[in-house]
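Written below as structure tokens is the structure these notes are about.
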Amino acid sequence: MSTGAASMRKLITSNALSMFGLLTVTLFLIVTVAQIASSGAILPYSAYEPNYPQSNLPPSLSHPFGTDLLGRDMFSRVITALPIDIGIPLITVALSAVIGIILGTMAAFFRGWLDEVLMRLTDLFMAFPTMIMAMAIAATLGPSLVNVTFSMIIVWWPPYVRLVRGGVLAIAAEDFVSISKALNSSFFYIVRKDAIPNVLPTILVYATFDVGSALLTLSTLGFLNVGIPPTAPELGMMVSNVTYNLFLYPYQIIIPAVVVAVIVAGFSFLGEGIRESLDVKLRPHILIRSKPAKEIETNTQ
Amino acid sequence: MIALRDFLPYLGKRILGAIFVLLGAMLLVFFISYVLNPDPAHLWAGARATQKTIEDVVKRYHLDQPWYVQLYYFLQSYVTGNLGTDPQTGKSVISEMAFYFPNTLELVLVSMVMIIVLGIASGYIAGMHFGTKTDHAIRIFYLATWSSPYYLGGFLAILVFSSYLPLFPSCCMYSQTLAPINHITGIYILDALIQLNGAAFLSGLDHVFMPAAVLALLDFGLVARIMRSSILNARWSTHVKAARAKGMAEGEVRRNHILRNALIDTNTITAVTFGFLLSGTIVIEEIFAWPGIGYFTYKAIVSINYPVLVPCVLLFTLGVIVANFIADVFYSLLDPRIALGEGGGAEG
């Protein structure tokens, strides 16, 4: 299942869903990187300095997201929050994928008791409701960005182990792996050259979708004021700090929440679109989808 | 359907498996809380506790004992059902959980019914209209709602349906002007129904509708997504082609060959969704002032109230385990091959 860069590009652009996702994700990533690289110089206004005469202004051309109680520009505040709101989910998912690749290939290759122990442990961790467990751990460790990332990873890795193990088991049965073994290749060689390249596409698709879920959990932790330090800019926390303004200045609550939803949607649409384009079974139906469904059924017999 | 003599051993095996997972989860929670808290007495007693209070806490929760003795007391408390007292209210933890839990159950069950109806219907329609505008519209809708955080859904619902169009109340489980009703099950609308109290029942429904609908709208995407992809899997499969080739009526093909097959996969994801719903109750109960276990757990988490927090986390875990168990049993009823295994011998 090797997909070159060119065919990958075709897969993404052929699907409106993944196109929207790609554009959104790229846009937010560029803004995030620019915000980090310029350390805030790209902001139209200061995100922290109060400006009382301008307080609680509704969205307008000069303040596209309005201003808050202290007169700070909400647009600048939202951008300040992006490094945390996009960075922590990316780190969580990336490290979970690494844990999944290590433990999953170990379970699939060594089988026996190691496989049994790892999979039972994975099952146990999966039985916990992720959000509650992450909240409990983050609250115990105390508020800090490192702690909140750590508590997210603790609940986030199990699906990756399962995914990798399943993928590697399927590959291990293939001829090229038995040949590689017969040639006396080392375990690490097989993992590096055979296992990882073959499970990577599946992991990437799942992880793309998953960054969105991680952001939902993170911003909910922020909304509930658990784990994230009060001074760190975070979108969920921004919402929870002004909930008393819901009826007076609803945009102060709705706008940061919608930004979270748009970022999550970007990652989900991208992941979902790629997954669908990769689905071999659906491919013939996608290529001729301009025709009515009834016709497709008879055409693909 | 499968024979009872094949089903009972399977059921026993599943129950045993669920008990082991619960036991493992208890051990894991114990060790996580043990490892994460180098100085639990200080954490539990609070930052400004006196030396005397800390010593009391140490003695009461056996914190000066080695870990295996603590583990013994921990397991003993769950076996005897004596979970101790809530240090913040002085009430027994079990009685507090028994008060809050049915309220959450009401919210989650109503929401679950909405999710099943919405998810299966929209997934079926989208799958049967694959590639058309209907399909795209449904898909974009459920992906968008799935992407929304619970607080966005909750606040938007309150803003639009309680403030701009005052249709539904934004707070509480029932109208505060109504006379209180007797507790039988603890689930308010069920109690009202049993006692034939029409006013209380309607008030309960009115209050549960919005929070349950928000939960359902934000979480039905998972069910709809799996339903849609299983419909796509089923509708072009060989056995459906064969059924059509036999000249089977289209309605029958759709009902018996496409829908039924798709429901088998959807069943599992419904259990997963239940876990999401439980997590979602924390935010939704906070926003709608719903006195449920999510709200209770949240308070315990924020105040790092371990004697309450640990049983609550385990209760949520039990909820997920039970949901998975029910899904497994349904799975075996829908797909007889699963339960029979090698020993069943009834396979054709």
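Here, A, B, ... name the chains of the structure tokens in the order displayed, residue numbers run from 1 inside each chain, and ligands are numbered from 1 in the same displayed order.
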Legend entry - Exercise: A:Gly142 partners within 8 Å, only C-alpha atoms, chain neighbours under 4 positions left out, as a ChimeraX atom specification: /A:138,147,227
Inset, instruction - Compute the set of chain B residues within 8 Å of chain A, using only C-alpha atoms, and express it as a ChimeraX atom specification. - result: /B:21,24-25,28,36-37,129-132,143-144,147-152,155-156,159,163,232-233,236,275-276,278-279,283,301-302,304,309,313,316-317,320-321
Could you write out that same residue set with N, CA and C atoms as an mmCIF file, in the first residue's frame?
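Result file out_38.cif:
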```
data_model
loop_
_atom_site.group_PDB
_atom_site.id
_atom_site.type_symbol
_atom_site.label_atom_id
_atom_site.label_comp_id
_atom_site.auth_asym_id
_atom_site.auth_seq_id
_atom_site.Cartn_x
_atom_site.Cartn_y
_atom_site.Cartn_z
ATOM 1 N N VAL B 21 -11.754 -7.159 34.230
ATOM 2 C CA VAL B 21 -11.376 -5.822 33.772
ATOM 3 C C VAL B 21 -11.616 -4.814 34.908
ATOM 4 N N GLY B 24 -8.932 -5.199 37.472
ATOM 5 C CA GLY B 24 -7.703 -4.610 36.951
ATOM 6 C C GLY B 24 -7.752 -3.096 37.004
ATOM 7 N N ALA B 25 -8.920 -2.542 36.658
ATOM 8 C CA ALA B 25 -9.075 -1.087 36.677
ATOM 9 C C ALA B 25 -8.901 -0.559 38.098
ATOM 10 N N LEU B 28 -5.277 -0.588 38.919
ATOM 11 C CA LEU B 28 -4.593 0.466 38.178
ATOM 12 C C LEU B 28 -4.844 1.832 38.816
ATOM 13 N N LEU B 36 1.265 8.817 41.870
ATOM 14 C CA LEU B 36 1.181 10.254 41.618
ATOM 15 C C LEU B 36 1.217 11.082 42.900
ATOM 16 N N ASN B 37 0.868 10.477 44.019
ATOM 17 C CA ASN B 37 0.817 11.234 45.272
ATOM 18 C C ASN B 37 1.942 10.828 46.194
ATOM 19 N N HIS B 129 -27.623 6.960 0.056
ATOM 20 C CA HIS B 129 -27.525 8.019 -0.962
ATOM 21 C C HIS B 129 -26.070 8.390 -1.182
ATOM 22 N N PHE B 130 -25.174 7.409 -1.145
ATOM 23 C CA PHE B 130 -23.744 7.668 -1.225
ATOM 24 C C PHE B 130 -23.389 8.582 -2.398
ATOM 25 N N GLY B 131 -22.581 9.620 -2.105
ATOM 26 C CA GLY B 131 -22.082 10.480 -3.169
ATOM 27 C C GLY B 131 -23.043 11.566 -3.607
ATOM 28 N N THR B 132 -24.280 11.565 -3.085
ATOM 29 C CA THR B 132 -25.226 12.599 -3.490
ATOM 30 C C THR B 132 -25.155 13.791 -2.529
ATOM 31 N N LEU B 143 -20.057 15.587 11.103
ATOM 32 C CA LEU B 143 -18.640 15.862 11.394
ATOM 33 C C LEU B 143 -18.494 17.201 12.116
ATOM 34 N N ALA B 144 -19.326 18.177 11.707
ATOM 35 C CA ALA B 144 -19.243 19.494 12.338
ATOM 36 C C ALA B 144 -19.711 19.434 13.787
ATOM 37 N N SER B 147 -17.224 17.805 15.941
ATOM 38 C CA SER B 147 -16.034 18.625 16.178
ATOM 39 C C SER B 147 -16.269 19.712 17.216
ATOM 40 N N SER B 148 -17.511 19.943 17.588
ATOM 41 C CA SER B 148 -17.790 21.045 18.509
ATOM 42 C C SER B 148 -17.578 20.614 19.949
ATOM 43 N N PRO B 149 -16.923 21.476 20.743
ATOM 44 C CA PRO B 149 -16.786 21.155 22.160
ATOM 45 C C PRO B 149 -18.150 21.226 22.854
ATOM 46 N N TYR B 150 -18.300 20.478 23.951
ATOM 47 C CA TYR B 150 -19.585 20.431 24.647
ATOM 48 C C TYR B 150 -20.028 21.806 25.111
ATOM 49 N N TYR B 151 -19.039 22.639 25.529
ATOM 50 C CA TYR B 151 -19.461 23.927 26.051
ATOM 51 C C TYR B 151 -20.041 24.810 24.961
ATOM 52 N N LEU B 152 -19.547 24.656 23.709
ATOM 53 C CA LEU B 152 -20.138 25.426 22.613
ATOM 54 C C LEU B 152 -21.603 25.018 22.432
ATOM 55 N N PHE B 155 -23.788 26.229 25.528
ATOM 56 C CA PHE B 155 -24.048 27.671 25.597
ATOM 57 C C PHE B 155 -24.912 28.133 24.431
ATOM 58 N N LEU B 156 -24.660 27.588 23.227
ATOM 59 C CA LEU B 156 -25.485 27.971 22.083
ATOM 60 C C LEU B 156 -26.939 27.590 22.328
ATOM 61 N N LEU B 159 -28.439 29.936 24.814
ATOM 62 C CA LEU B 159 -28.604 31.260 24.210
ATOM 63 C C LEU B 159 -29.819 31.276 23.286
ATOM 64 N N SER B 163 -32.976 31.787 25.780
ATOM 65 C CA SER B 163 -32.950 33.242 25.865
ATOM 66 C C SER B 163 -33.681 33.894 24.686
ATOM 67 N N LEU B 232 -22.251 1.141 3.479
ATOM 68 C CA LEU B 232 -21.487 1.117 2.226
ATOM 69 C C LEU B 232 -20.833 -0.244 2.032
ATOM 70 N N ASN B 233 -20.319 -0.807 3.137
ATOM 71 C CA ASN B 233 -19.708 -2.133 3.060
ATOM 72 C C ASN B 233 -20.722 -3.171 2.632
ATOM 73 N N TRP B 236 -22.746 -3.120 -1.332
ATOM 74 C CA TRP B 236 -22.126 -3.611 -2.560
ATOM 75 C C TRP B 236 -21.501 -4.992 -2.374
ATOM 76 N N GLY B 275 -19.382 5.775 26.551
ATOM 77 C CA GLY B 275 -18.241 6.297 27.301
ATOM 78 C C GLY B 275 -18.038 7.788 27.068
ATOM 79 N N PHE B 276 -18.197 8.219 25.798
ATOM 80 C CA PHE B 276 -18.077 9.642 25.480
ATOM 81 C C PHE B 276 -19.156 10.443 26.200
ATOM 82 N N LEU B 278 -20.650 9.744 28.975
ATOM 83 C CA LEU B 278 -20.337 9.866 30.400
ATOM 84 C C LEU B 278 -19.348 10.999 30.627
ATOM 85 N N SER B 279 -18.314 11.076 29.767
ATOM 86 C CA SER B 279 -17.357 12.177 29.894
ATOM 87 C C SER B 279 -18.050 13.507 29.642
ATOM 88 N N VAL B 283 -19.233 18.342 31.574
ATOM 89 C CA VAL B 283 -19.410 19.714 31.086
ATOM 90 C C VAL B 283 -20.889 20.089 31.053
ATOM 91 N N ILE B 301 -12.789 16.482 41.773
ATOM 92 C CA ILE B 301 -11.509 16.618 41.065
ATOM 93 C C ILE B 301 -10.896 17.980 41.358
ATOM 94 N N VAL B 302 -11.713 19.030 41.275
ATOM 95 C CA VAL B 302 -11.182 20.379 41.462
ATOM 96 C C VAL B 302 -10.634 20.557 42.872
ATOM 97 N N ILE B 304 -9.511 18.132 44.645
ATOM 98 C CA ILE B 304 -8.632 16.983 44.891
ATOM 99 C C ILE B 304 -9.092 16.211 46.119
ATOM 100 N N LEU B 309 -13.180 11.123 44.833
ATOM 101 C CA LEU B 309 -12.713 11.065 43.453
ATOM 102 C C LEU B 309 -12.498 9.632 42.962
ATOM 103 N N VAL B 313 -14.359 7.844 39.799
ATOM 104 C CA VAL B 313 -13.658 7.391 38.592
ATOM 105 C C VAL B 313 -13.991 5.920 38.328
ATOM 106 N N PHE B 316 -17.495 5.549 36.855
ATOM 107 C CA PHE B 316 -17.495 5.839 35.419
ATOM 108 C C PHE B 316 -16.916 4.667 34.643
ATOM 109 N N THR B 317 -15.821 4.096 35.163
ATOM 110 C CA THR B 317 -15.206 2.950 34.496
ATOM 111 C C THR B 317 -16.185 1.784 34.442
ATOM 112 N N VAL B 320 -18.563 2.257 31.640
ATOM 113 C CA VAL B 320 -17.998 1.891 30.339
ATOM 114 C C VAL B 320 -17.954 0.372 30.190
ATOM 115 N N ILE B 321 -17.539 -0.328 31.267
ATOM 116 C CA ILE B 321 -17.430 -1.790 31.195
ATOM 117 C C ILE B 321 -18.808 -2.409 30.963
#
```
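Considering only C-alpha atoms, the residue among B:Asp219, B:Glu55, B:Glu96, B:Asp328 positioned nearest to B:Phe141 is B:Asp219.
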A:Gly104 environment, 7 Å, only C-alpha atoms, sequence neighbours closer than 4 positions dropped, as a CSV table (one decimal) with N, CA and C atoms, in the first residue's frame:
```
chain,number,residue,atom,x,y,z
A,100,GLY,N,2.7,3.8,20.7
A,100,GLY,CA,2.0,2.7,20.0
A,100,GLY,C,2.8,1.9,19.1
A,108,ALA,N,3.3,-7.6,18.6
A,108,ALA,CA,3.0,-8.4,17.4
A,108,ALA,C,4.2,-9.3,17.0
A,161,VAL,N,-1.6,1.4,20.2
A,161,VAL,CA,-0.9,0.1,20.4
A,161,VAL,C,-1.8,-1.0,19.6
A,162,ARG,N,-3.1,-0.9,19.8
A,162,ARG,CA,-4.0,-1.8,19.1
A,162,ARG,C,-3.8,-1.7,17.6
A,164,VAL,N,-1.4,-0.4,15.8
A,164,VAL,CA,-0.1,-0.9,15.3
A,164,VAL,C,0.0,-2.4,15.3
A,165,ARG,N,-0.4,-3.0,16.5
A,165,ARG,CA,-0.3,-4.4,16.6
A,165,ARG,C,-1.1,-5.1,15.5
```
Legend entry - Selected residue of minimal separation from B:Leu23 among B:Val322, B:Leu75, B:Met210, B:Leu222, counting only C-alpha atoms: B:Leu75
